[in-house]
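**Student:** Structure below; questions to follow.
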Amino acid sequence: MKNFYIYKFDYIVKSTEKPISATVIFCDNTILNEVNLKVEIKNFYEECSQTDKIFIIGGEYLQDEMIKVFIDNKESTFIGIPRREDTSFYENIYILSFNKSGVLKLINRDGDIPAKFKEYFLNEGLQNIFIKRGGLVETEGTHHYVFPSKKHCNKFLRTGNILLYSSEIYFIAFALLKHFDEEIHNQIYCDSSSINSIALSLSELKNRFNSVKTQIPIESFSSYDGLYKNDLNYKKNALLLISASTSANIITYILDSHKEIERQNIVVLFFLGNEKKYNNVKDKVLCNLTESKINPNGITEYNTYYEKDCIHCKSGSYPVQVSGDVFLLEKPKINSLLIGVTDADKKLSSFVEQFKSHKFSNTVLKTNYKEASPSNKYEIYIDFSEILDGIKNNRYEKYHKKLDAYINQFVPSNTRYIVYLNDNSSKELANYVFNKIIENYVADKLPELISQDDLTSDIKKGSVGSVLVVGSCISNGKNLLYLSRALRKFDKLRIVYFVGISRMKSKEALSVLKSNLKQGNYGPETSTCVEVESIHCLNNSKETSWVVEIDFLNQLITLLNDESIDNTTIDFFKNRLKNIQDSFSILNKGLSNGLFYPRVIKKPHNELAIRNNFAFFNFHNYVKDVTQSDIYFTISNILNGLRNSDKIDKSLKQTSFVRNLISPGNFNRFNDGIIQASILRSANADELSYSIDYDLSLEMKNILETLIKYHKDEQSEALLEFLYAISISKLSFKESHLIELIKLIESDCKDKIIKCFALYIRKNIIAKYKD
């Protein structure tokens, strides 16, 4: 849902030189849908912290409705913003209307629009769309681009990529209003048909202000070379939209080659280049993407080369030809990746050894759980409460020693407050820290324990000393950033962020978070941020494998009832559904076993289990201890590392032009069913999309064919997991290969549960090929 364009940025107040954070809500429609607006505001603030000011922008035709929604009904409209401070929040709402020339007017208060906001909001908003929607097409080193100009580069600007949502397209059109005068311009030319939607939106937006509606003819240059071949007779009263440029040359060329076109009728939507080039064309540029001191969020300028000097060619990078009106590319390069022992994080094995289950219980590394969330669940969940309980029972000795050492080293003696994140594990860790330091204080000087939600009410103004912010586990640091902002007003308190386990997705993500948290009045080391232990792992909490499975099971059970399948068979799937739903409870806190479908050839069904000589463990005697979630955590961690890898020849990063797939050979290399199931569950669909390559689809089909033929043998114990991956369209084949596999199940397999998967795949996956 993107019915409004919402973004945030910081601008400097000249009088104080202090940064002000601003949220911009752009209303692109002729009406305000309050239901959608509330949802989008709530979703936005789930990802972003509250800002100092909010600016609402809409056309003059929306003035009355904006006042009603954002002022009269403000409590209802902004109800989705967590922990907002109402008085100051409502005092910092600015409602701006624009006229047909794009001129803004402040309509809900006296005074002027903040000058620095007015100066930068358009560029920041346009740049945010461009970067967020992938306007910079960039390779990872395996290939680079060759343009019609014969220049080589490993990246290029592709404006057509960013035009995904009407609200954002209209924001671009709004930025163009001042350049488009309907009394002068009676034609719009676009350098690529991929940006025609911007021209159409510009024309429609302009018409909203006019009593007489006009339809402006819109044409593209018909090909990338159209400008240079002079195929079109450009009219004097035409507006030319250039999607992107990395130099000033294109405007000069147009003016020299098409004398009837005037400079004022040319607009470059996005520019990336050095300051000298920009200064030559800045009056004609809608958005300058170039990173600089005044544009720290921009894109770093990059170099282009001719073939003889191309550094990318010399490094072995593959040249991909780019051509045509919408930059058509050659067939993507497809790599298949074999997972090896060296792909694991060096400390992964020791981390799992430290926190592994004990005799299939006391599991720390779980799946499918998140506190206080009815729908979203962490794919990887670390039960920190179990660690603290284990410490009481003399388990986790290594972590126990390190935790106590960090408390002694990093908790200041003048700590006034201990603020804990609003989850039970963080509260328990805060109490653990408190009990460790209590003997250092006299009774009336003890630090106060405060929950995140009570922060602003319980900390006294003017407090001097230190505040310890405690989090058990952090996956993205959003709550720490919120607290960082909320603690700004207590400028005499030094902040120490104390984290039990950091589980950010990558080293880079953790580094950025710590840099933001530590920044303050005294520079980049104003505050302290430490984590007792860290591991980089998947932090996905939406559409996880087991959340998706609930929808699948409901659909499957309905299908089986419609097909009059016997109740005993249906009960298998109902029990599976119940086990997943039970994992959401605070008692179970996710799944430690029962992650995967069992081997169902005989009863009782055999759960998938690890055998000896697991390649990724450097310790022994784990077979009688580890649960399924310990193995899943290990495999998921390895795949997450490959997705964030900078290695050119060993990465699961995806681009439009290079597809990196998990090689089918991995399912021969790792023949334990639990490892195969872990790969299938933790992989993304684009990593198992064998449908894009005939040979890989055939190779995967042959592997699965063997499992089906020998489905009664131990080597086929993960067969149901393969069928589940196909059922949810995660594992894909060429159509003919999938049909062959389902026919083989229907002819060779008597087991009713296996046949149920085949029935579902035929009805819901193969049937789509016929639509």
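Each chain in the structure tokens gets a letter, A, B, ..., in the order shown, and its residues are numbered from 1; ligands are numbered from 1 in order too.
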For Ile437 (chain A), find every residue with an atom within 12 Å (counting only C-alpha atoms), except residues of its own chain fewer than 3 positions away, and show them as number ranges by chain.
**Tutor:** A: 404-415, 418, 430-434, 440-442, 445-447
**Student:** Just want the 9 Å neighbourhood of Glu533 (chain A), counted on only C-alpha atoms, with same-chain residues fewer than 2 positions away dropped. Output as a list of chain:residue names.
**Tutor:**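 Counting only the stated atoms, we get A:Phe351, A:Tyr399, A:Lys402, A:Leu403, A:Val499, A:Gly500, A:Ile501, A:Ser502, A:Arg503, A:Val530, A:Glu531, A:Ile535.
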**Student:** Apply DSSP to the structure's backbone, then extract all residues of region 63-290 of chain A labelled strand (DSSP E) and return them as an MDAnalysis selection string.
**Tutor:** chainID A and resid 93:98 104:106 136:138 143:146 152:153 155:157 187:190 218:220 238:245 266:271 285:288
**Student:** Just to confirm, what's the straight-line distance from CA of Ser663 (chain A) to CA of Ile766 (chain A) in Å (one decimal)?
**Tutor:** 23.4 Å
**Student:** Counting only C-alpha atoms, what is within 9 Å of Glu219 (chain A), bar same-chain residues fewer than 4 positions away, as a ChimeraX atom specification?
**Tutor:** /A:187-193,196
**Student:** Running DSSP on the backbone, which parts of region 310-516 of chain A land in alpha helix (DSSP H), as a ChimeraX atom specification?
**Tutor:** /A:311-314,348-355,384-392,397-410,424-437,455-458,478-486,507-516
**Student:** Which neighbours of Asn297 (chain A) fall inside 12 Å, counting only C-alpha atoms, when residues of the same chain fewer than 6 positions from it are skipped, and could you give them as a VMD selection string?
**Tutor:** chain A and resid 8 to 11 120 123 to 128 130 to 132 288 to 291
**Student:** Choose the residue, out of A:Ile692, A:Leu744, A:Ala609, A:Ile648, that has the smallest atom-to-atom separation from Pro332 (chain A); count only C-alpha atoms.
**Tutor:**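 Selected residue with least distance to Pro332 (chain A): A:Ile692.
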